[in-house]
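Chemist: This is my_file08.cif, which holds mmCIF, C-alpha atoms and all ligand atoms:
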```
data_run
#
loop_
_atom_site.label_atom_id
_atom_site.label_comp_id
_atom_site.auth_asym_id
_atom_site.auth_seq_id
_atom_site.Cartn_x
_atom_site.Cartn_y
_atom_site.Cartn_z
CA MET U 1 129.85 56.67 78.60
CA PHE U 2 128.75 55.45 82.04
CA LEU U 3 131.72 53.66 83.64
CA SER U 4 132.00 50.95 81.01
CA ASP U 5 131.86 51.24 77.22
CA THR U 6 129.01 48.73 77.11
CA PHE U 7 126.59 51.30 78.57
CA SER U 8 125.24 54.10 76.40
CA VAL U 9 122.14 56.20 75.67
CA ASN U 10 120.03 55.71 72.55
CA GLU U 11 117.92 58.10 70.47
CA ARG U 12 114.98 57.57 72.85
CA GLY U 13 117.16 58.80 75.68
CA HIS U 14 117.13 55.34 77.28
CA LEU U 15 120.07 53.56 78.83
CA THR U 16 121.43 50.77 76.64
CA VAL U 17 123.66 47.80 77.39
CA GLY U 18 125.49 46.03 74.57
CA GLY U 19 123.29 47.96 72.11
CA CYS U 20 119.98 46.88 73.72
CA ASP U 21 117.46 49.33 75.16
CA THR U 22 117.13 48.54 78.87
CA ILE U 23 113.46 49.57 78.97
CA ASP U 24 112.74 47.10 76.16
CA LEU U 25 114.73 44.39 77.95
CA ALA U 26 112.75 44.94 81.14
CA GLY U 27 109.50 44.78 79.14
CA GLU U 28 110.45 41.62 77.28
CA PHE U 29 112.12 39.60 80.05
CA GLY U 30 110.64 41.12 83.23
CA THR U 31 112.42 42.41 86.32
CA PRO U 32 114.59 42.01 88.26
CA LEU U 33 116.85 41.09 85.39
CA TYR U 34 120.58 40.61 85.03
CA VAL U 35 121.94 41.60 81.62
CA LEU U 36 125.46 40.88 80.37
CA ASP U 37 127.19 42.09 77.23
CA GLU U 38 128.84 39.14 75.52
CA ASN U 39 131.14 41.25 73.33
CA LYS U 40 132.49 43.04 76.37
CA ILE U 41 133.21 39.71 78.10
CA ARG U 42 134.89 38.33 74.99
CA SER U 43 137.06 41.39 74.45
CA THR U 44 138.34 41.29 78.04
CA CYS U 45 139.11 37.56 77.68
CA ARG U 46 141.08 38.36 74.52
CA MET U 47 142.94 41.16 76.23
CA TYR U 48 144.11 38.73 78.93
CA GLN U 49 145.13 36.09 76.42
CA ASP U 50 146.89 38.65 74.19
CA SER U 51 148.81 40.22 77.04
CA ILE U 52 149.91 36.82 78.34
CA GLN U 53 151.04 36.05 74.81
CA GLN U 54 152.90 39.34 74.66
CA TYR U 55 154.41 39.56 78.14
CA TYR U 56 155.10 35.88 78.79
CA HIS U 57 155.78 34.94 75.16
CA GLY U 58 152.85 32.54 75.18
CA LYS U 59 154.08 30.70 78.28
CA GLY U 60 150.90 31.18 80.23
CA CYS U 61 147.13 31.09 80.24
CA ALA U 62 144.22 32.92 81.84
CA LEU U 63 141.71 30.89 83.82
CA TYR U 64 138.28 32.41 84.28
CA ALA U 65 137.34 32.36 87.99
CA SER U 66 133.87 30.93 87.61
CA LYS U 67 132.82 31.78 91.17
CA THR U 68 132.31 35.28 89.79
CA PHE U 69 129.42 34.18 87.59
CA SER U 70 128.87 30.55 86.76
CA CYS U 71 126.45 29.15 84.23
CA LYS U 72 126.77 27.01 81.14
CA GLU U 73 126.76 29.94 78.74
CA ILE U 74 129.67 31.78 80.36
CA CYS U 75 131.65 28.52 80.38
CA ARG U 76 131.03 28.15 76.64
CA ILE U 77 132.08 31.77 75.99
CA VAL U 78 135.35 31.63 77.92
CA GLN U 79 136.17 28.25 76.41
CA GLN U 80 135.70 29.68 72.90
CA GLU U 81 138.08 32.49 73.87
CA GLY U 82 140.75 29.96 74.82
CA LEU U 83 140.72 30.42 78.59
CA GLY U 84 140.91 27.68 81.17
CA LEU U 85 138.55 27.57 84.12
CA ASP U 86 138.88 27.87 87.90
CA VAL U 87 136.13 26.07 89.83
CA VAL U 88 135.77 25.91 93.61
CA SER U 89 133.01 23.41 94.14
CA GLY U 90 131.39 20.30 92.76
CA GLY U 91 128.57 22.54 91.55
CA GLU U 92 130.82 24.83 89.54
CA LEU U 93 132.62 21.78 88.18
CA TYR U 94 129.35 20.11 87.22
CA THR U 95 128.20 23.29 85.45
CA ALA U 96 131.43 23.46 83.46
CA LEU U 97 131.26 19.79 82.46
CA GLU U 98 127.62 20.15 81.44
CA ALA U 99 128.69 23.05 79.22
CA GLY U 100 131.22 20.74 77.56
CA PHE U 101 134.25 22.45 79.09
CA PRO U 102 137.34 20.22 78.63
CA PRO U 103 138.14 18.83 82.11
CA GLU U 104 141.86 18.92 81.47
CA ARG U 105 141.64 22.73 81.31
CA ILE U 106 139.86 23.00 84.65
CA HIS U 107 141.69 23.89 87.87
CA PHE U 108 139.90 22.76 91.01
CA HIS U 109 140.20 25.17 93.94
CA GLY U 110 138.53 25.31 97.32
CA SER U 111 139.62 25.54 100.93
CA ASN U 112 137.57 22.57 102.06
CA LYS U 113 136.93 20.20 99.18
CA THR U 114 134.90 17.22 100.30
CA ALA U 115 136.05 13.69 99.56
CA HIS U 116 133.00 13.39 97.33
CA GLU U 117 134.05 16.45 95.31
CA ILE U 118 137.62 15.20 94.98
CA GLN U 119 136.33 11.85 93.72
CA PHE U 120 134.01 13.61 91.28
CA ALA U 121 136.89 15.71 89.94
CA LEU U 122 139.22 12.71 89.60
CA ASP U 123 136.50 10.72 87.80
CA ALA U 124 135.87 13.65 85.46
CA GLY U 125 139.57 13.96 84.60
CA VAL U 126 140.07 17.46 86.02
CA GLY U 127 143.49 18.63 84.92
CA HIS U 128 144.75 20.35 88.03
CA PHE U 129 144.03 20.53 91.75
CA VAL U 130 144.97 23.59 93.79
CA VAL U 131 145.57 22.02 97.19
CA ASP U 132 144.71 24.10 100.23
CA ASN U 133 145.80 22.00 103.20
CA LEU U 134 147.56 18.79 104.25
CA THR U 135 144.36 16.83 104.85
CA GLU U 136 143.31 17.51 101.29
CA LEU U 137 146.78 16.65 100.01
CA HIS U 138 146.70 13.21 101.62
CA THR U 139 143.07 12.53 100.69
CA LEU U 140 143.76 13.42 97.06
CA ASP U 141 146.88 11.26 96.96
CA ALA U 142 145.04 8.28 98.47
CA MET U 143 142.06 8.62 96.14
CA ALA U 144 144.27 9.04 93.07
CA ARG U 145 146.25 5.94 94.13
CA GLN U 146 143.07 3.88 94.39
CA MET U 147 142.25 4.89 90.83
CA GLY U 148 145.78 4.29 89.56
CA LYS U 149 146.11 7.98 88.67
CA THR U 150 148.50 10.80 89.40
CA ALA U 151 146.92 14.19 90.01
CA ASP U 152 148.73 17.35 88.93
CA ILE U 153 148.65 19.85 91.78
CA SER U 154 149.76 23.22 92.93
CA LEU U 155 149.84 24.40 96.51
CA ARG U 156 147.94 27.48 97.58
CA ILE U 157 150.37 29.77 99.36
CA LYS U 158 149.65 32.74 101.61
CA PRO U 159 152.46 35.08 100.63
CA GLY U 160 151.84 37.39 103.59
CA ILE U 161 150.75 40.40 101.57
CA ASP U 162 148.34 43.16 102.54
CA ALA U 163 146.34 43.73 99.38
CA HIS U 164 144.83 47.08 100.43
CA THR U 165 141.23 46.03 99.87
CA HIS U 166 138.12 45.21 101.92
CA GLU U 167 139.07 42.74 104.65
CA ALA U 168 136.34 40.31 103.57
CA VAL U 169 138.05 39.85 100.18
CA MET U 170 141.66 39.98 101.39
CA THR U 171 143.20 36.51 101.24
CA GLY U 172 146.99 36.70 101.08
CA GLN U 173 147.74 37.57 104.71
CA ILE U 174 148.77 35.06 107.38
CA ASP U 175 145.40 35.28 109.14
CA SER U 176 143.46 33.79 106.26
CA LYS U 177 141.62 30.49 106.02
CA PHE U 178 143.12 29.89 102.56
CA GLY U 179 146.29 27.93 101.91
CA PHE U 180 149.70 27.43 103.51
CA ALA U 181 151.55 30.26 105.24
CA LEU U 182 155.07 31.07 104.13
CA GLU U 183 156.24 32.82 107.28
CA THR U 184 155.61 29.86 109.56
CA GLY U 185 157.42 27.31 107.40
CA GLU U 186 154.10 25.56 106.78
CA ALA U 187 154.37 26.13 103.01
CA LEU U 188 157.80 24.49 102.74
CA GLU U 189 156.58 21.59 104.85
CA ALA U 190 153.65 21.14 102.45
CA VAL U 191 156.04 21.21 99.48
CA ARG U 192 158.14 18.45 101.08
CA ALA U 193 155.02 16.43 101.85
CA ALA U 194 153.76 16.76 98.26
CA ILE U 195 157.13 15.75 96.80
CA ALA U 196 157.18 12.64 98.98
CA LEU U 197 153.78 11.42 97.76
CA GLN U 198 153.46 9.06 94.80
CA ASN U 199 150.08 9.96 93.33
CA VAL U 200 150.26 13.71 93.24
CA CYS U 201 152.68 15.59 91.03
CA LEU U 202 153.69 19.00 92.33
CA LYS U 203 153.62 21.26 89.30
CA GLY U 204 153.11 24.68 90.74
CA LEU U 205 152.39 27.25 93.37
CA HIS U 206 149.30 29.39 93.61
CA ASN U 207 148.51 32.64 95.36
CA HIS U 208 145.56 34.99 95.32
CA ILE U 209 145.97 38.06 97.48
CA GLY U 210 142.44 39.43 97.30
CA SER U 211 139.89 41.08 95.08
CA GLN U 212 138.96 44.58 93.85
CA ILE U 213 142.57 45.78 94.17
CA PHE U 214 143.54 49.13 92.62
CA ASP U 215 147.25 49.02 93.10
CA VAL U 216 149.94 47.11 91.17
CA ALA U 217 152.43 47.07 94.05
CA PRO U 218 150.83 44.23 96.10
CA PHE U 219 150.73 42.04 92.98
CA GLN U 220 154.39 42.80 92.27
CA GLU U 221 155.28 42.05 95.88
CA ALA U 222 153.38 38.75 95.71
CA ALA U 223 155.16 37.86 92.46
CA ARG U 224 158.53 38.57 94.12
CA VAL U 225 157.67 36.52 97.20
CA MET U 226 156.43 33.59 95.12
CA THR U 227 159.42 33.52 92.78
CA ASN U 228 161.72 33.76 95.80
CA PHE U 229 159.93 30.74 97.23
CA ILE U 230 160.35 28.85 93.94
CA ALA U 231 164.09 29.50 94.19
CA GLN U 232 164.13 28.40 97.84
CA ILE U 233 162.32 25.16 96.96
CA LYS U 234 164.84 24.45 94.21
CA LYS U 235 167.71 25.05 96.60
CA GLU U 236 166.34 23.09 99.55
CA THR U 237 164.65 20.17 97.77
CA GLY U 238 166.08 20.15 94.26
CA THR U 239 162.54 20.29 92.82
CA ALA U 240 161.86 22.70 89.98
CA ILE U 241 158.45 24.37 90.26
CA GLU U 242 157.23 24.78 86.69
CA GLU U 243 154.03 26.77 87.16
CA LEU U 244 153.00 29.88 89.04
CA ASN U 245 149.39 30.94 89.40
CA LEU U 246 149.07 34.59 90.37
CA GLY U 247 145.32 34.52 91.08
CA GLY U 248 142.83 37.22 90.23
CA GLY U 249 141.96 40.45 91.97
CA PHE U 250 142.12 43.32 89.49
CA GLY U 251 139.73 46.10 90.49
CA ILE U 252 136.86 47.41 88.36
CA LYS U 253 135.01 50.69 88.14
CA TYR U 254 131.75 50.55 90.10
CA THR U 255 131.54 54.33 90.47
CA GLU U 256 133.34 57.32 89.02
CA ASN U 257 135.52 57.38 92.16
CA ASP U 258 137.07 54.01 91.33
CA GLN U 259 140.33 54.31 89.41
CA PRO U 260 141.44 50.84 88.31
CA VAL U 261 144.84 50.36 86.74
CA PRO U 262 144.36 49.41 83.06
CA TYR U 263 144.62 45.61 82.95
CA ASP U 264 147.34 45.66 80.33
CA ALA U 265 149.48 47.80 82.65
CA TYR U 266 148.93 45.35 85.53
CA MET U 267 149.95 42.50 83.28
CA ARG U 268 153.05 44.27 81.96
CA GLU U 269 154.33 45.42 85.33
CA ILE U 270 153.78 42.08 87.04
CA SER U 271 155.53 40.27 84.19
CA GLN U 272 158.49 42.64 84.45
CA THR U 273 158.79 41.85 88.15
CA ILE U 274 158.71 38.12 87.43
CA PHE U 275 161.29 38.27 84.64
CA GLN U 276 163.60 40.47 86.68
CA ASN U 277 163.34 38.42 89.85
CA CYS U 278 163.76 35.09 88.05
CA GLU U 279 166.86 36.44 86.33
CA ASP U 280 168.27 37.69 89.65
CA LEU U 281 167.54 34.32 91.27
CA GLY U 282 168.86 32.32 88.34
CA ILE U 283 165.67 30.29 87.90
CA GLU U 284 163.53 29.48 84.86
CA ILE U 285 160.48 31.67 84.21
CA PRO U 286 157.55 29.51 85.32
CA TYR U 287 154.47 28.94 83.17
CA ILE U 288 152.09 31.67 84.35
CA TYR U 289 148.40 31.33 85.16
CA MET U 290 146.21 34.33 85.93
CA GLU U 291 142.73 33.88 87.41
CA PRO U 292 140.63 36.94 86.66
CA GLY U 293 136.95 36.90 87.50
CA ARG U 294 135.45 40.26 88.40
CA SER U 295 137.40 42.06 85.68
CA ILE U 296 135.98 39.74 83.00
CA VAL U 297 132.28 39.96 83.81
CA GLY U 298 131.80 42.78 86.33
CA GLU U 299 131.64 45.80 84.04
CA ALA U 300 129.86 43.80 81.34
CA GLY U 301 126.63 43.60 83.30
CA LEU U 302 123.83 45.48 84.97
CA THR U 303 120.67 44.69 86.90
CA LEU U 304 117.27 46.13 86.04
CA TYR U 305 114.63 46.59 88.72
CA GLN U 306 111.13 48.02 88.74
CA ILE U 307 110.27 50.53 91.42
CA GLY U 308 107.32 49.39 93.55
CA SER U 309 106.99 52.32 95.95
CA VAL U 310 108.65 55.56 96.97
CA LYS U 311 108.47 56.42 100.66
CA HIS U 312 109.46 59.91 101.82
CA ILE U 313 110.17 60.06 105.55
CA PRO U 314 110.38 63.79 106.31
CA ASN U 315 113.76 64.84 107.70
CA VAL U 316 114.96 61.23 107.58
CA ARG U 317 115.30 59.81 104.06
CA THR U 318 113.51 58.66 100.94
CA TYR U 319 113.27 54.92 100.33
CA VAL U 320 112.86 53.81 96.73
CA SER U 321 111.77 50.16 96.93
CA VAL U 322 112.57 47.81 94.09
CA ASP U 323 111.41 44.31 93.19
CA GLY U 324 114.76 42.69 94.03
CA GLY U 325 117.42 43.40 96.65
CA MET U 326 119.85 41.41 98.77
CA THR U 327 118.55 38.18 97.23
CA ASP U 328 120.01 39.12 93.84
CA ASN U 329 122.77 41.45 95.08
CA PRO U 330 123.95 40.93 98.67
CA ARG U 331 127.14 42.95 98.20
CA TYR U 332 125.94 46.17 99.85
CA ALA U 333 124.61 44.21 102.82
CA LEU U 334 127.86 42.24 103.03
CA TYR U 335 130.53 44.84 102.33
CA GLY U 336 128.82 48.20 101.86
CA SER U 337 129.85 47.98 98.21
CA GLU U 338 129.22 51.06 96.10
CA TYR U 339 127.31 51.04 92.84
CA THR U 340 126.12 53.53 90.26
CA VAL U 341 122.34 53.61 89.96
CA LEU U 342 120.53 55.25 87.04
CA ALA U 343 116.93 55.78 86.02
CA ALA U 344 116.92 53.61 82.89
CA ALA U 345 114.49 55.81 80.93
CA GLN U 346 116.41 59.02 81.68
CA PRO U 347 120.02 58.17 82.57
CA ASP U 348 121.14 61.68 81.64
CA ALA U 349 118.56 63.49 83.79
CA PRO U 350 120.11 65.59 86.55
CA ALA U 351 119.70 64.27 90.07
CA THR U 352 117.15 66.16 92.14
CA GLN U 353 117.06 64.05 95.28
CA THR U 354 119.08 61.78 97.52
CA VAL U 355 117.56 58.35 98.03
CA THR U 356 118.12 54.92 99.48
CA ILE U 357 117.39 51.94 97.23
CA ALA U 358 115.69 49.26 99.31
CA GLY U 359 115.09 45.63 98.48
CA ARG U 360 111.95 43.65 99.20
CA CYS U 361 113.20 41.31 101.90
CA CYS U 362 112.19 41.35 105.54
CA GLU U 363 115.50 42.83 106.67
CA SER U 364 116.21 46.49 107.33
CA GLY U 365 119.69 45.83 105.97
CA ASP U 366 118.26 44.76 102.62
CA LEU U 367 119.56 47.79 100.77
CA ILE U 368 121.17 48.15 97.36
CA GLN U 369 122.63 51.64 98.01
CA GLU U 370 122.13 54.44 100.51
CA HIS U 371 122.18 58.21 100.03
CA ILE U 372 122.66 58.24 96.29
CA PRO U 373 121.61 60.93 93.81
CA LEU U 374 118.64 60.22 91.53
CA PRO U 375 116.20 62.22 89.40
CA GLN U 376 112.50 62.16 90.34
CA VAL U 377 111.21 58.61 89.92
CA GLN U 378 107.90 56.92 90.55
CA PRO U 379 106.41 53.46 90.97
CA GLY U 380 106.65 51.54 87.73
CA ASP U 381 109.93 53.19 86.64
CA ILE U 382 112.94 51.01 85.82
CA LEU U 383 116.20 51.45 87.73
CA ALA U 384 119.54 50.17 86.47
CA VAL U 385 122.35 49.21 88.83
CA LEU U 386 125.54 49.16 86.78
CA CYS U 387 128.46 46.74 86.84
CA THR U 388 126.68 43.84 88.53
CA GLY U 389 128.11 41.12 86.28
CA ALA U 390 130.38 39.76 89.03
CA TYR U 391 129.44 38.24 92.39
CA ASN U 392 125.75 39.04 91.99
CA TYR U 393 123.99 36.12 90.30
CA SER U 394 126.60 33.81 91.84
CA MET U 395 125.83 35.15 95.33
CA ALA U 396 122.06 35.25 94.88
CA SER U 397 119.78 33.42 97.32
CA ASN U 398 116.16 32.45 97.74
CA TYR U 399 115.74 34.27 101.05
CA ASN U 400 112.05 34.97 101.64
CA ARG U 401 111.51 32.41 98.87
CA VAL U 402 112.20 35.05 96.27
CA PRO U 403 112.93 33.34 92.93
CA ARG U 404 116.28 34.18 91.35
CA PRO U 405 116.05 36.55 88.36
CA ALA U 406 116.74 35.58 84.77
CA VAL U 407 120.09 36.34 83.10
CA VAL U 408 120.05 37.72 79.57
CA MET U 409 123.14 37.80 77.39
CA VAL U 410 123.15 40.53 74.74
CA ARG U 411 125.29 40.66 71.64
CA ASP U 412 125.29 43.44 69.01
CA GLY U 413 121.87 44.58 70.14
CA VAL U 414 120.32 41.10 70.20
CA PRO U 415 119.27 39.62 73.57
CA ARG U 416 119.00 35.95 74.41
CA LEU U 417 118.20 34.11 77.60
CA ALA U 418 121.22 32.57 79.35
CA ILE U 419 119.48 31.55 82.59
CA ARG U 420 115.71 31.28 82.98
CA ARG U 421 113.94 33.12 85.79
CA GLU U 422 113.20 30.75 88.66
CA SER U 423 109.56 29.82 89.07
CA TYR U 424 107.59 29.10 92.23
CA GLU U 425 107.71 25.43 91.16
CA ASP U 426 111.53 25.64 91.16
CA LEU U 427 111.35 26.90 94.75
CA VAL U 428 109.54 23.82 96.01
CA ARG U 429 111.25 21.32 93.71
CA ASN U 430 113.33 19.76 96.49
CA ASP U 431 110.78 20.12 99.25
CA VAL U 432 109.55 16.79 100.53
C1 LIG W 1 141.54 31.69 94.22
C2 LIG W 1 140.86 32.80 93.52
N1 LIG W 1 141.20 33.05 92.25
C3 LIG W 1 140.59 34.02 91.54
C4 LIG W 1 139.61 34.81 92.11
C5 LIG W 1 138.97 35.89 91.28
O1 LIG W 1 139.24 37.14 91.77
P1 LIG W 1 138.69 38.43 91.05
O2 LIG W 1 137.23 38.21 90.82
O3 LIG W 1 138.94 39.52 92.01
O4 LIG W 1 139.45 38.59 89.78
C6 LIG W 1 139.24 34.61 93.44
C7 LIG W 1 138.24 35.45 94.06
O5 LIG W 1 138.01 35.51 95.22
C8 LIG W 1 139.89 33.56 94.16
O6 LIG W 1 139.56 33.30 95.42
#
```
Hey, can you dump this file as structure tokens for me?
Modeler:
Amino acid sequence: MFLSDTFSVNERGHLTVGGCDTIDLAGEFGTPLYVLDENKIRSTCRMYQDSIQQYYHGKGCALYASKTFSCKEICRIVQQEGLGLDVVSGGELYTALEAGFPPERIHFHGSNKTAHEIQFALDAGVGHFVVDNLTELHTLDAMARQMGKTADISLRIKPGIDAHTHEAVMTGQIDSKFGFALETGEALEAVRAAIALQNVCLKGLHNHIGSQIFDVAPFQEAARVMTNFIAQIKKETGTAIEELNLGGGFGIKYTENDQPVPYDAYMREISQTIFQNCEDLGIEIPYIYMEPGRSIVGEAGLTLYQIGSVKHIPNVRTYVSVDGGMTDNPRYALYGSEYTVLAAAQPDAPATQTVTIAGRCCESGDLIQEHIPLPQVQPGDILAVLCTGAYNYSMASNYNRVPRPAVVMVRDGVPRLAIRRESYEDLVRNDV
């Protein structure tokens, strides 16, 4: 009823997530607390797999973008649902391997992979490298040669698309640190370089135009540009590109104002563009990878906070201070991201005031939301910030030596711990 079907209200009038009472969750596990609904995550994974099956006749696969939220439990869940995995660092790779994720189904991204990370991935038997730049291409080739291996790769391409989203999460335009630009000829040069090398095998092309996108048109445009490039490569080099990774980026509903396109419609319309363009160009339909992240976990989660103080500043504003903040959710501080905030014990109560939700860090910018409606609340009350499953835990920090919150996974009304709350001992573990 609130944004995502995982959130509801029970007979006590409390907000629930995945069938669990949020007040009970806060009491049992403490606050701040991230909570994710496993069934919601699984059903979105299935939707992606089903629509790839339907629209690409099984010639494709979804990869979960683990930067969105990485821990062993989410790796196990997406693996069980048949998805592959996108990792962007040695740490995300290590997490996946520790969870038992098959390395051959892992795609290793990153705009500046270190030699150490490349070696780690080669040793682990990672199935696919998404190469960002020529230095990486040559390093990977040399390292694979030393090991007597050939690494399957795709090249990350900047298709030159404006994705109509926040500039901090826009990645497909020429002025982006990610990948090879098409317009400058750099991408074709990289293709030629990859073909000439012995220990990398150029399988595919990759593009990701940005995140939190509410429009199908930029995805369709990217699909057209990429399939055109596949045809150009075939013509100019004779090499058939077998795989096309279309990235992630589908928008989710953080507030009632957000109007995402239903994912199935995105999938259908993009596939139609690909089929049509490949037919017009006379090329084979490539094997399609999609890389959703936010849309898999974002709406499945919320964060619970306890209010510590309420400060009315006459004629200025009312600060409601909570026991977390930019350390567990830096997105408002980074991008001014909007969220829906509810009083967990009375989510249906009409708003009677406009407040700013402040975090506990020593930064005036440590805010969760500004000027939002809320009913009367007092110290000790629990607040719920909805749709925090993506880019929250994964972006959390220990600023002010605040321990990271726990993550609880709920399923059919039963909660279980997925990540323990950090302790003070954890904070000094690496101090010498
Ligand atoms: C290469 C790549 N793939 C996939 C994603 C996931 O995007 P989203 O969470 O918007 O689906 C990202 C996010 O930035 C990305 O950089």
Chemist: Considering only C-alpha atoms, can you say which of U:Thr354, U:Gln146, U:Gln276, U:Gln232 comes closest to Val316 in chain U?
Modeler: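 Using only C-alpha atoms, Val316 in chain U sits closest to U:Thr354.
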Chemist: Counting only C-alpha atoms and all ligand atoms, what are the residues of chain U within 7 Å of ligand LIG 1 (chain W), and for each of them which pair of atoms is the nearest and at what distance in Å, to one decimal? Sort the table by chain and rising number, as a Markdown table.
Modeler:
```
| residue | atom | partner | partner_atom | distance |
| --- | --- | --- | --- | --- |
| U:Ala65 | CA | W:LIG1 | C3 | 5.1 |
| U:Thr68 | CA | W:LIG1 | O2 | 5.8 |
| U:His109 | CA | W:LIG1 | C1 | 6.7 |
| U:Val169 | CA | W:LIG1 | O5 | 6.6 |
| U:His208 | CA | W:LIG1 | C1 | 5.3 |
| U:Gly210 | CA | W:LIG1 | O5 | 6.3 |
| U:Ser211 | CA | W:LIG1 | O3 | 3.6 |
| U:Gln212 | CA | W:LIG1 | O3 | 5.4 |
| U:Gly247 | CA | W:LIG1 | N1 | 4.5 |
| U:Gly248 | CA | W:LIG1 | O4 | 3.7 |
| U:Gly249 | CA | W:LIG1 | O3 | 3.2 |
| U:Phe250 | CA | W:LIG1 | O4 | 5.4 |
| U:Gly251 | CA | W:LIG1 | O3 | 6.8 |
| U:Glu291 | CA | W:LIG1 | C3 | 4.7 |
| U:Pro292 | CA | W:LIG1 | O4 | 3.7 |
| U:Gly293 | CA | W:LIG1 | O2 | 3.6 |
| U:Arg294 | CA | W:LIG1 | O2 | 3.6 |
| U:Ser295 | CA | W:LIG1 | O4 | 5.7 |
```
Chemist: Which is closer to Ala396 in chain U than all the others in U:Gly413, U:Glu363, U:Asp264, U:Pro330, using only C-alpha atoms?
Modeler: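 Distance minimum relative to Ala396 in chain U lands on U:Pro330.
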Chemist: Using Å and a single decimal, report how far CA of Asp37 in chain U sits from CA of Asp5 in chain U.
Modeler: 10.3 Å
Chemist: Find the distance between CA of Leu427 in chain U and CA of Thr327 in chain U and write it in Å to one decimal.
Modeler: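 Rounded to one decimal, the two atoms are 13.6 Å apart.
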Chemist: Would you mind listing what lies within 10 Å of Phe120 in chain U as a ChimeraX atom specification, with all atoms listed in the file counted and same-chain residues fewer than 6 positions away left out?
Modeler: /U:90,93-94,114,126
Chemist: Have a look at CA of Leu367 in chain U and CA of Ile74 in chain U and let me know their distance in Å, one decimal.
Modeler: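 Computing it gives 27.8 Å between the two atoms.
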Chemist: Ranking U:Gly308, U:Gly127, U:Pro218, U:Gly30 by minimum distance to Cys201 in chain U and counting all atoms listed in the file, which one comes first?
Modeler: U:Gly127
Chemist: Name the closest residue to Met326 in chain U among the candidates U:Val341, U:Val216, U:Cys361, U:Val408; distances are taken between atoms, counting only C-alpha atoms.
Modeler: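 Checking each of U:Val341, U:Val216, U:Cys361, U:Val408 against Met326 in chain U, counting only C-alpha atoms, the winner is U:Cys361.
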Chemist: Identify the residues within 12 Å of coordinate (136.7, 41.9, 76.8) (same frame as the file), considering all atoms listed in the file, and give the answer as a PyMOL selection string.
Modeler: chain U and resi 4-6+36-50+77-78+81+263-264+292-300
Chemist: Put those residues in a file: C-alpha atoms, as a PDB file, in the coordinates of the input.
Modeler:
```pdb
ATOM      1  CA  SER U   4     132.000  50.950  81.010  1.00  0.00           C
ATOM      2  CA  ASP U   5     131.860  51.240  77.220  1.00  0.00           C
ATOM      3  CA  THR U   6     129.010  48.730  77.110  1.00  0.00           C
ATOM      4  CA  LEU U  36     125.460  40.880  80.370  1.00  0.00           C
ATOM      5  CA  ASP U  37     127.190  42.090  77.230  1.00  0.00           C
ATOM      6  CA  GLU U  38     128.840  39.140  75.520  1.00  0.00           C
ATOM      7  CA  ASN U  39     131.140  41.250  73.330  1.00  0.00           C
ATOM      8  CA  LYS U  40     132.490  43.040  76.370  1.00  0.00           C
ATOM      9  CA  ILE U  41     133.210  39.710  78.100  1.00  0.00           C
ATOM     10  CA  ARG U  42     134.890  38.330  74.990  1.00  0.00           C
ATOM     11  CA  SER U  43     137.060  41.390  74.450  1.00  0.00           C
ATOM     12  CA  THR U  44     138.340  41.290  78.040  1.00  0.00           C
ATOM     13  CA  CYS U  45     139.110  37.560  77.680  1.00  0.00           C
ATOM     14  CA  ARG U  46     141.080  38.360  74.520  1.00  0.00           C
ATOM     15  CA  MET U  47     142.940  41.160  76.230  1.00  0.00           C
ATOM     16  CA  TYR U  48     144.110  38.730  78.930  1.00  0.00           C
ATOM     17  CA  GLN U  49     145.130  36.090  76.420  1.00  0.00           C
ATOM     18  CA  ASP U  50     146.890  38.650  74.190  1.00  0.00           C
ATOM     19  CA  ILE U  77     132.080  31.770  75.990  1.00  0.00           C
ATOM     20  CA  VAL U  78     135.350  31.630  77.920  1.00  0.00           C
ATOM     21  CA  GLU U  81     138.080  32.490  73.870  1.00  0.00           C
ATOM     22  CA  TYR U 263     144.620  45.610  82.950  1.00  0.00           C
ATOM     23  CA  ASP U 264     147.340  45.660  80.330  1.00  0.00           C
ATOM     24  CA  PRO U 292     140.630  36.940  86.660  1.00  0.00           C
ATOM     25  CA  GLY U 293     136.950  36.900  87.500  1.00  0.00           C
ATOM     26  CA  ARG U 294     135.450  40.260  88.400  1.00  0.00           C
ATOM     27  CA  SER U 295     137.400  42.060  85.680  1.00  0.00           C
ATOM     28  CA  ILE U 296     135.980  39.740  83.000  1.00  0.00           C
ATOM     29  CA  VAL U 297     132.280  39.960  83.810  1.00  0.00           C
ATOM     30  CA  GLY U 298     131.800  42.780  86.330  1.00  0.00           C
ATOM     31  CA  GLU U 299     131.640  45.800  84.040  1.00  0.00           C
ATOM     32  CA  ALA U 300     129.860  43.800  81.340  1.00  0.00           C
TER      33      ALA U 300
END
```
Chemist: Counting only C-alpha atoms, which residue out of U:Ala194, U:Ile106, U:Leu202, U:Val432 sits closest to Gln79 in chain U?
Modeler: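 For Gln79 in chain U, the nearest of the given residues is U:Ile106.
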Chemist: Which of these residues is nearest to Cys71 in chain U, using only C-alpha atoms: U:Ala345, U:Leu122, U:Ala406, U:Met226?
Modeler: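 Checking each of U:Ala345, U:Leu122, U:Ala406, U:Met226 against Cys71 in chain U, counting only C-alpha atoms, the winner is U:Ala406.
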Chemist: Show me the residues close to (113.7, 58.4, 86.1) - anything with an atom within 8 Å, counting all atoms listed in the file - and format the list as an NGL selection string.
Modeler: :U and (342-347 or 349 or 374-378 or 381-383)
Chemist: Could range 423-428 of chain U be written out with C-alpha atoms, as a JSON list (two decimals), in the first residue's frame, please?
Modeler:
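And here is the file that came out, decode.json:
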```
[["chain", "number", "residue", "atom", "x", "y", "z"],
["U", 423, "SER", "CA", 30.45, -3.58, 17.38],
["U", 424, "TYR", "CA", 32.93, -1.12, 18.87],
["U", 425, "GLU", "CA", 35.47, -3.97, 18.72],
["U", 426, "ASP", "CA", 34.86, -4.21, 14.95],
["U", 427, "LEU", "CA", 35.68, -0.49, 14.70],
["U", 428, "VAL", "CA", 39.15, -0.90, 16.18]]
```
